[in-house]
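Let me begin by presenting the structure, written as C-alpha coordinates, before commenting on it.
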Amino acid sequence: MRYATPKYVVSSVTALGGMLFGYDIGIMSSILQMDGFNKYFDSPSPLATGVIVSSLTIGCFLGSLLSGPLADRFSRKVTIVLGALVCTVGAAVQFGSISRAMLVAGRFVTGLAIGVLSSVVPMYQSEAAPPGSRGRMVSLQQWAITWGIFVAFGIDYGCSYISGARQFRLPLGLQIVPSLVLLFTMAFMPYSPRWLVAHNHTGDAQQVLGRLRAYGHASAPEVTEELRLICQTIRSERQTGASSYWELLRPPNRRRTLLGCGIQFMQQFTGINTLMLYAPTIFRGVGLGSVQSIALCQAINGLVNVSATVPAILWIDRWGRRPTLLVGTVLIIAFYLVLALLMRSHEALAGLGSQHEAVVIHLDARSLGIASICMVYLVVASFAFSWGPCGWLIPSEIFPTHLRAKANSLTTSTNWISNFIVTLTSPMLLQVAGWRLFLAFSIIMVANLVVIYLFLPETKNLSLEEMDALFLSSAWAFKS
(Lines give C-alpha, C1' and ligand atoms only; values in the text may rest on other atoms or scores of the structure.)
Protein backbone atom coordinates (compact mmCIF):
# COMPACT_ATOMS: atom_id res chain seq x y z
CA MET A 1 0.00 0.00 0.00
CA ARG A 2 1.59 3.27 -1.16
CA TYR A 3 -0.53 5.96 0.46
CA ALA A 4 0.89 8.07 3.27
CA THR A 5 0.77 6.69 6.80
CA PRO A 6 1.44 9.38 9.42
CA LYS A 7 3.81 8.18 12.12
CA TYR A 8 1.32 8.79 14.93
CA VAL A 9 -1.29 6.59 13.27
CA VAL A 10 1.19 3.71 13.23
CA SER A 11 2.17 4.22 16.86
CA SER A 12 -1.43 4.66 18.00
CA VAL A 13 -2.67 1.50 16.27
CA THR A 14 0.15 -0.68 17.56
CA ALA A 15 -0.30 0.84 21.02
CA LEU A 16 -3.52 -1.18 21.21
CA GLY A 17 -1.14 -3.98 22.20
CA GLY A 18 -0.33 -1.88 25.25
CA MET A 19 -4.01 -1.41 25.97
CA LEU A 20 -4.44 -5.20 26.04
CA PHE A 21 -1.48 -5.37 28.42
CA GLY A 22 -2.98 -2.75 30.72
CA TYR A 23 -6.48 -4.23 30.63
CA ASP A 24 -5.17 -7.64 31.66
CA ILE A 25 -3.17 -6.11 34.51
CA GLY A 26 -6.07 -4.03 35.78
CA ILE A 27 -9.02 -6.33 35.35
CA MET A 28 -8.21 -8.76 38.17
CA SER A 29 -7.63 -6.19 40.91
CA SER A 30 -11.29 -5.45 41.64
CA ILE A 31 -12.54 -8.84 40.44
CA LEU A 32 -10.67 -10.42 43.33
CA GLN A 33 -12.85 -8.36 45.71
CA MET A 34 -16.17 -9.21 44.03
CA ASP A 35 -18.67 -11.36 45.89
CA GLY A 36 -19.61 -13.18 42.69
CA PHE A 37 -15.99 -14.16 42.02
CA ASN A 38 -15.29 -15.30 45.58
CA LYS A 39 -18.51 -17.28 45.76
CA TYR A 40 -17.93 -19.00 42.41
CA PHE A 41 -14.24 -19.79 43.07
CA ASP A 42 -14.58 -20.51 46.81
CA SER A 43 -12.76 -17.44 48.21
CA PRO A 44 -9.12 -18.07 47.10
CA SER A 45 -6.44 -17.80 49.79
CA PRO A 46 -3.64 -15.20 49.44
CA LEU A 47 -1.43 -17.90 47.88
CA ALA A 48 -4.17 -18.98 45.44
CA THR A 49 -4.82 -15.32 44.62
CA GLY A 50 -1.13 -14.85 43.86
CA VAL A 51 -1.17 -17.89 41.55
CA ILE A 52 -4.26 -16.64 39.66
CA VAL A 53 -2.79 -13.17 39.19
CA SER A 54 0.80 -14.22 38.47
CA SER A 55 -0.15 -16.96 35.96
CA LEU A 56 -0.51 -14.13 33.45
CA THR A 57 3.05 -12.98 34.14
CA ILE A 58 4.53 -16.47 33.69
CA GLY A 59 2.88 -16.59 30.26
CA CYS A 60 4.22 -13.10 29.57
CA PHE A 61 7.74 -14.22 30.51
CA LEU A 62 7.66 -17.13 28.06
CA GLY A 63 5.95 -15.05 25.37
CA SER A 64 8.60 -12.35 25.60
CA LEU A 65 11.36 -14.95 25.15
CA LEU A 66 9.62 -16.25 22.02
CA SER A 67 9.14 -12.77 20.61
CA GLY A 68 12.76 -12.26 19.50
CA PRO A 69 13.04 -15.14 17.02
CA LEU A 70 9.45 -14.54 15.82
CA ALA A 71 10.02 -10.83 15.20
CA ASP A 72 13.31 -11.46 13.36
CA ARG A 73 11.93 -14.19 11.13
CA PHE A 74 8.32 -13.18 10.45
CA SER A 75 8.63 -9.39 10.95
CA ARG A 76 7.52 -7.12 13.75
CA LYS A 77 4.13 -6.57 12.07
CA VAL A 78 3.21 -10.25 11.64
CA THR A 79 4.34 -11.03 15.20
CA ILE A 80 1.99 -8.35 16.56
CA VAL A 81 -0.87 -9.90 14.54
CA LEU A 82 -0.03 -13.32 15.99
CA GLY A 83 -0.02 -11.85 19.51
CA ALA A 84 -3.48 -10.33 18.98
CA LEU A 85 -4.83 -13.68 17.74
CA VAL A 86 -3.50 -15.62 20.74
CA CYS A 87 -4.80 -12.94 23.10
CA THR A 88 -8.31 -13.41 21.69
CA VAL A 89 -8.13 -17.14 22.42
CA GLY A 90 -6.88 -16.58 25.98
CA ALA A 91 -9.60 -14.04 26.72
CA ALA A 92 -12.27 -16.48 25.49
CA VAL A 93 -10.94 -19.20 27.83
CA GLN A 94 -11.00 -16.79 30.79
CA PHE A 95 -14.54 -15.74 29.94
CA GLY A 96 -15.74 -19.34 29.96
CA SER A 97 -13.78 -20.47 33.02
CA ILE A 98 -15.63 -22.96 35.24
CA SER A 99 -12.73 -23.69 37.61
CA ARG A 100 -9.64 -22.03 39.02
CA ALA A 101 -7.46 -24.25 36.82
CA MET A 102 -9.27 -23.09 33.67
CA LEU A 103 -8.98 -19.45 34.75
CA VAL A 104 -5.25 -19.87 35.38
CA ALA A 105 -4.84 -21.58 31.98
CA GLY A 106 -6.71 -18.77 30.22
CA ARG A 107 -4.58 -16.13 31.90
CA PHE A 108 -1.43 -18.06 30.98
CA VAL A 109 -2.43 -18.17 27.28
CA THR A 110 -3.29 -14.47 27.36
CA GLY A 111 0.07 -13.90 29.01
CA LEU A 112 1.89 -15.53 26.10
CA ALA A 113 0.30 -12.96 23.81
CA ILE A 114 0.93 -10.02 26.12
CA GLY A 115 4.58 -11.06 26.49
CA VAL A 116 5.00 -11.00 22.72
CA LEU A 117 3.18 -7.68 22.33
CA SER A 118 4.97 -5.95 25.21
CA SER A 119 8.32 -6.77 23.58
CA VAL A 120 7.53 -6.20 19.91
CA VAL A 121 5.21 -3.16 20.03
CA PRO A 122 7.73 -0.65 21.51
CA MET A 123 10.44 -2.06 19.23
CA TYR A 124 8.21 -1.59 16.18
CA GLN A 125 7.30 1.94 17.30
CA SER A 126 10.95 2.79 17.92
CA GLU A 127 12.04 1.54 14.50
CA ALA A 128 9.25 3.45 12.76
CA ALA A 129 9.87 6.74 14.59
CA PRO A 130 12.15 9.65 13.64
CA PRO A 131 14.79 10.49 16.29
CA GLY A 132 13.20 13.77 17.42
CA SER A 133 9.84 12.21 18.34
CA ARG A 134 10.80 8.62 19.19
CA GLY A 135 10.23 9.16 22.91
CA ARG A 136 6.75 10.54 22.29
CA MET A 137 5.77 7.74 19.93
CA VAL A 138 6.98 4.91 22.17
CA SER A 139 5.38 6.63 25.18
CA LEU A 140 2.04 6.11 23.44
CA GLN A 141 2.55 2.44 24.36
CA GLN A 142 2.66 3.31 28.05
CA TRP A 143 -0.29 5.67 27.70
CA ALA A 144 -2.28 2.85 26.10
CA ILE A 145 -1.30 0.61 29.03
CA THR A 146 -2.69 3.19 31.44
CA TRP A 147 -5.89 3.50 29.39
CA GLY A 148 -6.26 -0.27 29.47
CA ILE A 149 -5.90 -0.26 33.26
CA PHE A 150 -8.36 2.64 33.61
CA VAL A 151 -10.96 1.03 31.34
CA ALA A 152 -10.60 -2.22 33.30
CA PHE A 153 -11.10 -0.41 36.60
CA GLY A 154 -14.14 1.42 35.22
CA ILE A 155 -15.71 -1.78 33.90
CA ASP A 156 -15.02 -3.49 37.23
CA TYR A 157 -16.75 -0.61 39.02
CA GLY A 158 -19.81 -0.86 36.78
CA CYS A 159 -19.95 -4.65 37.09
CA SER A 160 -19.71 -4.46 40.88
CA TYR A 161 -23.44 -3.64 40.82
CA ILE A 162 -24.24 -6.88 38.95
CA SER A 163 -24.92 -10.05 40.89
CA GLY A 164 -23.82 -13.61 40.21
CA ALA A 165 -21.13 -14.91 37.87
CA ARG A 166 -21.84 -12.17 35.32
CA GLN A 167 -20.19 -9.79 37.76
CA PHE A 168 -16.74 -11.12 36.81
CA ARG A 169 -17.39 -12.84 33.46
CA LEU A 170 -18.32 -9.64 31.65
CA PRO A 171 -15.02 -7.84 32.47
CA LEU A 172 -13.03 -10.94 31.49
CA GLY A 173 -14.91 -11.37 28.21
CA LEU A 174 -14.56 -7.74 27.11
CA GLN A 175 -10.82 -8.31 26.67
CA ILE A 176 -11.70 -9.80 23.29
CA VAL A 177 -12.78 -6.42 21.86
CA PRO A 178 -9.40 -4.57 21.75
CA SER A 179 -7.58 -7.73 20.62
CA LEU A 180 -9.91 -8.06 17.62
CA VAL A 181 -9.49 -4.37 16.80
CA LEU A 182 -5.70 -4.74 16.87
CA LEU A 183 -5.91 -7.89 14.75
CA PHE A 184 -7.90 -6.07 12.06
CA THR A 185 -6.09 -2.71 12.01
CA MET A 186 -2.55 -4.17 11.87
CA ALA A 187 -3.37 -5.41 8.35
CA PHE A 188 -3.16 -1.77 7.20
CA MET A 189 0.11 -0.93 8.95
CA PRO A 190 3.52 -0.98 7.21
CA TYR A 191 6.41 -3.29 7.97
CA SER A 192 9.31 -1.90 9.97
CA PRO A 193 11.70 -0.19 7.52
CA ARG A 194 14.73 -1.52 9.39
CA TRP A 195 13.38 -5.08 9.25
CA LEU A 196 12.81 -4.67 5.52
CA VAL A 197 16.39 -3.49 4.93
CA ALA A 198 17.75 -6.34 7.08
CA HIS A 199 15.84 -8.79 4.83
CA ASN A 200 17.04 -7.17 1.58
CA HIS A 201 13.79 -5.35 0.74
CA THR A 202 15.43 -1.94 0.36
CA GLY A 203 12.92 -0.65 -2.18
CA ASP A 204 10.00 -1.51 0.10
CA ALA A 205 11.83 0.12 3.01
CA GLN A 206 12.15 3.34 1.02
CA GLN A 207 8.42 3.32 0.28
CA VAL A 208 7.61 2.80 3.97
CA LEU A 209 9.95 5.60 5.04
CA GLY A 210 8.28 7.83 2.46
CA ARG A 211 4.89 7.06 4.02
CA LEU A 212 6.17 7.65 7.55
CA ARG A 213 8.38 10.69 6.98
CA ALA A 214 7.24 12.52 3.84
CA TYR A 215 3.55 11.74 3.29
CA GLY A 216 4.23 9.21 0.57
CA HIS A 217 7.16 10.95 -1.16
CA ALA A 218 9.72 8.15 -1.17
CA SER A 219 12.27 10.23 -3.08
CA ALA A 220 12.36 13.06 -0.51
CA PRO A 221 15.93 13.97 0.55
CA GLU A 222 15.33 13.15 4.23
CA VAL A 223 14.01 9.71 3.26
CA THR A 224 16.99 9.01 1.03
CA GLU A 225 19.46 10.06 3.73
CA GLU A 226 17.80 8.00 6.47
CA LEU A 227 17.66 4.96 4.21
CA ARG A 228 21.36 5.40 3.42
CA LEU A 229 22.26 5.46 7.13
CA ILE A 230 20.12 2.40 7.86
CA CYS A 231 21.65 0.42 4.98
CA GLN A 232 25.18 1.47 5.97
CA THR A 233 24.67 0.47 9.60
CA ILE A 234 23.12 -2.90 8.78
CA ARG A 235 25.92 -3.72 6.31
CA SER A 236 28.46 -2.86 8.97
CA GLU A 237 26.66 -5.00 11.57
CA ARG A 238 26.64 -7.97 9.20
CA GLN A 239 30.38 -7.69 8.70
CA THR A 240 31.34 -7.23 12.33
CA GLY A 241 28.86 -9.11 14.49
CA ALA A 242 26.74 -12.25 14.74
CA SER A 243 23.11 -12.00 15.86
CA SER A 244 22.97 -14.72 18.52
CA TYR A 245 21.91 -14.20 22.11
CA TRP A 246 25.52 -14.75 23.16
CA GLU A 247 26.48 -11.50 21.45
CA LEU A 248 24.38 -9.64 23.99
CA LEU A 249 26.66 -10.86 26.78
CA ARG A 250 29.89 -9.86 25.08
CA PRO A 251 31.52 -6.43 24.81
CA PRO A 252 30.53 -3.94 23.47
CA ASN A 253 26.90 -5.07 23.82
CA ARG A 254 27.12 -6.32 27.41
CA ARG A 255 26.83 -2.81 28.86
CA ARG A 256 23.61 -2.19 26.92
CA THR A 257 22.21 -5.58 27.93
CA LEU A 258 22.85 -4.96 31.61
CA LEU A 259 21.31 -1.52 31.35
CA GLY A 260 18.25 -2.69 29.40
CA CYS A 261 17.57 -5.63 31.74
CA GLY A 262 18.32 -3.44 34.75
CA ILE A 263 15.81 -0.78 33.67
CA GLN A 264 13.09 -3.41 33.25
CA PHE A 265 13.95 -5.04 36.58
CA MET A 266 13.95 -1.71 38.40
CA GLN A 267 10.64 -0.69 36.80
CA GLN A 268 8.87 -3.63 38.45
CA PHE A 269 10.55 -3.10 41.81
CA THR A 270 9.14 0.40 41.97
CA GLY A 271 6.18 -1.56 43.38
CA ILE A 272 3.77 -0.19 40.79
CA ASN A 273 1.98 -3.49 40.22
CA THR A 274 1.49 -3.94 43.94
CA LEU A 275 -0.35 -0.61 43.90
CA MET A 276 -2.29 -1.30 40.70
CA LEU A 277 -3.25 -4.92 41.37
CA TYR A 278 -3.62 -4.92 45.14
CA ALA A 279 -4.68 -1.34 45.82
CA PRO A 280 -8.16 -2.65 46.81
CA THR A 281 -6.46 -4.59 49.64
CA ILE A 282 -4.71 -1.39 50.71
CA PHE A 283 -7.94 0.62 50.50
CA ARG A 284 -9.77 -1.96 52.60
CA GLY A 285 -6.94 -1.87 55.14
CA VAL A 286 -7.26 1.90 55.59
CA GLY A 287 -11.00 1.85 56.19
CA LEU A 288 -12.98 1.36 52.95
CA GLY A 289 -15.68 -1.25 53.38
CA SER A 290 -17.97 -1.73 50.37
CA VAL A 291 -16.97 -3.28 47.06
CA GLN A 292 -18.39 -0.24 45.25
CA SER A 293 -16.31 2.31 47.22
CA ILE A 294 -13.16 0.23 46.67
CA ALA A 295 -13.89 -0.11 42.94
CA LEU A 296 -14.53 3.64 42.67
CA CYS A 297 -11.21 4.48 44.35
CA GLN A 298 -9.51 2.01 42.05
CA ALA A 299 -11.12 3.69 39.01
CA ILE A 300 -9.75 7.04 40.24
CA ASN A 301 -6.36 5.32 40.58
CA GLY A 302 -6.58 4.36 36.91
CA LEU A 303 -7.57 7.90 35.90
CA VAL A 304 -4.56 9.33 37.76
CA ASN A 305 -2.34 6.85 35.90
CA VAL A 306 -3.74 7.93 32.51
CA SER A 307 -3.54 11.65 33.22
CA ALA A 308 -0.02 11.64 34.64
CA THR A 309 1.37 9.86 31.55
CA VAL A 310 0.38 12.77 29.28
CA PRO A 311 3.34 15.02 30.28
CA ALA A 312 5.76 12.30 29.23
CA ILE A 313 4.09 11.99 25.82
CA LEU A 314 4.25 15.74 25.26
CA TRP A 315 7.68 16.58 26.63
CA ILE A 316 9.88 13.52 27.12
CA ASP A 317 11.81 14.28 23.92
CA ARG A 318 12.51 17.75 25.36
CA TRP A 319 13.18 16.72 28.96
CA GLY A 320 15.28 13.68 28.13
CA ARG A 321 15.12 10.18 29.58
CA ARG A 322 17.71 10.66 32.32
CA PRO A 323 16.27 13.72 34.16
CA THR A 324 12.74 12.32 33.82
CA LEU A 325 13.73 9.14 35.63
CA LEU A 326 15.75 10.95 38.29
CA VAL A 327 12.91 13.33 39.19
CA GLY A 328 10.30 10.56 39.15
CA THR A 329 12.43 8.37 41.41
CA VAL A 330 12.94 11.10 44.02
CA LEU A 331 9.19 11.75 44.14
CA ILE A 332 8.36 8.04 44.49
CA ILE A 333 10.82 7.69 47.38
CA ALA A 334 9.22 10.63 49.22
CA PHE A 335 5.62 9.51 48.68
CA TYR A 336 6.36 5.91 49.68
CA LEU A 337 7.87 7.10 52.95
CA VAL A 338 4.81 9.23 53.70
CA LEU A 339 2.49 6.33 52.74
CA ALA A 340 4.30 3.96 55.11
CA LEU A 341 4.10 6.52 57.93
CA LEU A 342 0.38 7.14 57.35
CA MET A 343 -0.46 3.44 57.23
CA ARG A 344 1.54 2.83 60.39
CA SER A 345 -0.32 5.66 62.15
CA HIS A 346 -3.68 4.33 60.95
CA GLU A 347 -2.80 0.88 62.24
CA ALA A 348 -1.79 2.25 65.63
CA LEU A 349 -4.91 4.43 65.88
CA ALA A 350 -7.23 1.59 64.91
CA GLY A 351 -5.93 -0.37 67.90
CA LEU A 352 -7.27 2.32 70.26
CA GLY A 353 -10.83 2.07 68.97
CA SER A 354 -12.29 0.56 72.15
CA GLN A 355 -11.42 3.54 74.34
CA HIS A 356 -13.84 6.36 75.27
CA GLU A 357 -12.55 8.76 72.59
CA ALA A 358 -13.87 6.34 69.94
CA VAL A 359 -15.58 9.01 67.84
CA VAL A 360 -12.49 11.22 67.68
CA ILE A 361 -10.32 8.22 66.93
CA HIS A 362 -12.68 7.18 64.14
CA LEU A 363 -12.45 10.62 62.54
CA ASP A 364 -8.66 10.66 62.83
CA ALA A 365 -8.43 7.16 61.35
CA ARG A 366 -10.69 8.23 58.50
CA SER A 367 -8.44 11.23 57.77
CA LEU A 368 -5.36 9.02 57.81
CA GLY A 369 -7.10 6.58 55.47
CA ILE A 370 -7.95 9.34 52.98
CA ALA A 371 -4.38 10.66 53.16
CA SER A 372 -3.04 7.13 52.55
CA ILE A 373 -5.21 6.76 49.45
CA CYS A 374 -3.93 10.12 48.17
CA MET A 375 -0.34 8.94 48.68
CA VAL A 376 -1.09 5.85 46.57
CA TYR A 377 -2.32 8.17 43.83
CA LEU A 378 0.81 10.34 44.07
CA VAL A 379 3.13 7.33 43.79
CA VAL A 380 1.18 6.15 40.74
CA ALA A 381 1.37 9.64 39.17
CA SER A 382 5.12 9.85 39.77
CA PHE A 383 5.61 6.45 38.14
CA ALA A 384 3.32 7.30 35.22
CA PHE A 385 5.41 10.17 33.84
CA SER A 386 8.80 8.58 34.51
CA TRP A 387 9.36 4.85 34.98
CA GLY A 388 6.22 3.93 33.05
CA PRO A 389 7.23 5.24 29.61
CA CYS A 390 11.02 5.18 30.12
CA GLY A 391 10.99 1.54 31.21
CA TRP A 392 9.77 0.54 27.74
CA LEU A 393 11.39 3.33 25.71
CA ILE A 394 15.03 2.94 26.72
CA PRO A 395 15.43 -0.82 26.02
CA SER A 396 13.67 -0.40 22.66
CA GLU A 397 16.17 2.20 21.39
CA ILE A 398 19.63 1.38 22.69
CA PHE A 399 20.45 -1.87 20.84
CA PRO A 400 21.86 -2.36 17.29
CA THR A 401 19.37 -3.44 14.62
CA HIS A 402 20.68 -6.99 14.17
CA LEU A 403 20.29 -7.65 17.93
CA ARG A 404 17.28 -5.47 18.73
CA ALA A 405 14.58 -8.17 18.58
CA LYS A 406 16.56 -10.64 20.68
CA ALA A 407 17.64 -7.91 23.10
CA ASN A 408 14.07 -6.72 23.57
CA SER A 409 12.88 -10.26 24.17
CA LEU A 410 15.55 -10.63 26.88
CA THR A 411 14.90 -7.27 28.54
CA THR A 412 11.13 -7.74 28.44
CA SER A 413 11.43 -11.24 29.90
CA THR A 414 13.37 -9.64 32.77
CA ASN A 415 10.44 -7.31 33.30
CA TRP A 416 7.99 -10.19 33.40
CA ILE A 417 9.94 -12.46 35.73
CA SER A 418 10.32 -9.49 38.08
CA ASN A 419 6.61 -8.81 37.68
CA PHE A 420 5.88 -12.44 38.56
CA ILE A 421 7.89 -12.21 41.77
CA VAL A 422 6.13 -8.99 42.79
CA THR A 423 2.58 -10.13 41.96
CA LEU A 424 3.02 -13.57 43.54
CA THR A 425 4.45 -12.32 46.82
CA SER A 426 2.55 -9.03 47.26
CA PRO A 427 -0.67 -10.51 48.74
CA MET A 428 1.30 -12.39 51.39
CA LEU A 429 3.66 -9.49 52.08
CA LEU A 430 0.76 -7.06 52.46
CA GLN A 431 -0.82 -9.47 54.92
CA VAL A 432 2.36 -10.05 56.91
CA ALA A 433 4.33 -6.81 56.57
CA GLY A 434 1.65 -4.20 55.83
CA TRP A 435 3.12 -0.68 55.82
CA ARG A 436 6.67 -2.06 56.04
CA LEU A 437 6.39 -3.25 52.42
CA PHE A 438 6.20 0.36 51.22
CA LEU A 439 9.14 1.32 53.39
CA ALA A 440 11.08 -1.47 51.64
CA PHE A 441 10.01 -0.14 48.22
CA SER A 442 11.32 3.32 49.15
CA ILE A 443 14.71 1.81 50.03
CA ILE A 444 14.78 -0.07 46.72
CA MET A 445 14.03 3.20 44.91
CA VAL A 446 17.07 4.81 46.53
CA ALA A 447 19.19 2.08 44.92
CA ASN A 448 17.42 2.71 41.60
CA LEU A 449 18.26 6.40 41.88
CA VAL A 450 21.97 5.66 42.28
CA VAL A 451 22.02 3.27 39.29
CA ILE A 452 20.25 5.74 37.00
CA TYR A 453 22.55 8.61 38.00
CA LEU A 454 25.72 6.57 37.49
CA PHE A 455 24.98 4.45 34.42
CA LEU A 456 22.12 5.76 32.25
CA PRO A 457 23.32 8.04 29.43
CA GLU A 458 20.98 10.47 27.68
CA THR A 459 19.56 9.13 24.38
CA LYS A 460 17.14 11.85 23.32
CA ASN A 461 17.37 13.13 19.70
CA LEU A 462 19.84 10.41 18.71
CA SER A 463 19.00 8.11 15.79
CA LEU A 464 19.02 4.38 16.45
CA GLU A 465 22.15 4.18 14.30
CA GLU A 466 23.96 6.66 16.61
CA MET A 467 23.56 4.52 19.73
CA ASP A 468 26.74 2.56 18.98
CA ALA A 469 28.87 5.69 19.34
CA LEU A 470 27.06 6.72 22.53
CA PHE A 471 27.75 3.40 24.24
CA LEU A 472 31.40 3.39 23.24
CA SER A 473 31.90 6.47 25.41
CA SER A 474 32.44 6.44 29.18
CA ALA A 475 30.43 3.92 31.19
CA TRP A 476 29.82 6.68 33.76
CA ALA A 477 26.68 8.37 32.53
CA PHE A 478 27.29 11.69 34.26
CA LYS A 479 30.53 12.04 32.24
CA SER A 480 28.91 11.30 28.84
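Identifiers in this document derive from the order of the C-alpha coordinates: chains are assigned A, B, ..., residues are numbered from 1 separately in each chain, and ligands are numbered from 1 in order of occurrence.
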
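Non-sequential neighbours of Gly271 in chain A (distance at most 10 Å, separation of 6 or more positions within a chain, only C-alpha atoms) are Ile332, Tyr336, Val379, Val380, Phe383, Asn419, Val422, Thr423, Ser426, Leu437, Phe438, Ala440, Phe441, Ser442, Ile444 and Met445 of chain A.
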
- request: Return as a PyMOL selection string the full set of residues in range 39-269 of chain A whose backbone-based DSSP assignment is alpha helix (DSSP H).
  value: chain A and resi 39-40+46-74+76-95+100-128+134-159+166-173+176-185+193-198+202-213+221-240+254-268

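Proximity of A:Phe265, A:Phe385, A:Phe61, A:Tyr8 to Arg211 in chain A, computed with only C-alpha atoms, is greatest for A:Tyr8.
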
message: If I take CA of Asp72 in chain A and CA of Val13 in chain A, how far is one from the other in Å, to one decimal?
response: 20.8 Å

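Among A:Leu454, A:Ala84, A:Val304, A:Leu314, the residue with the shortest atom-to-atom distance to Pro178 in chain A, counting only C-alpha atoms, is A:Ala84.
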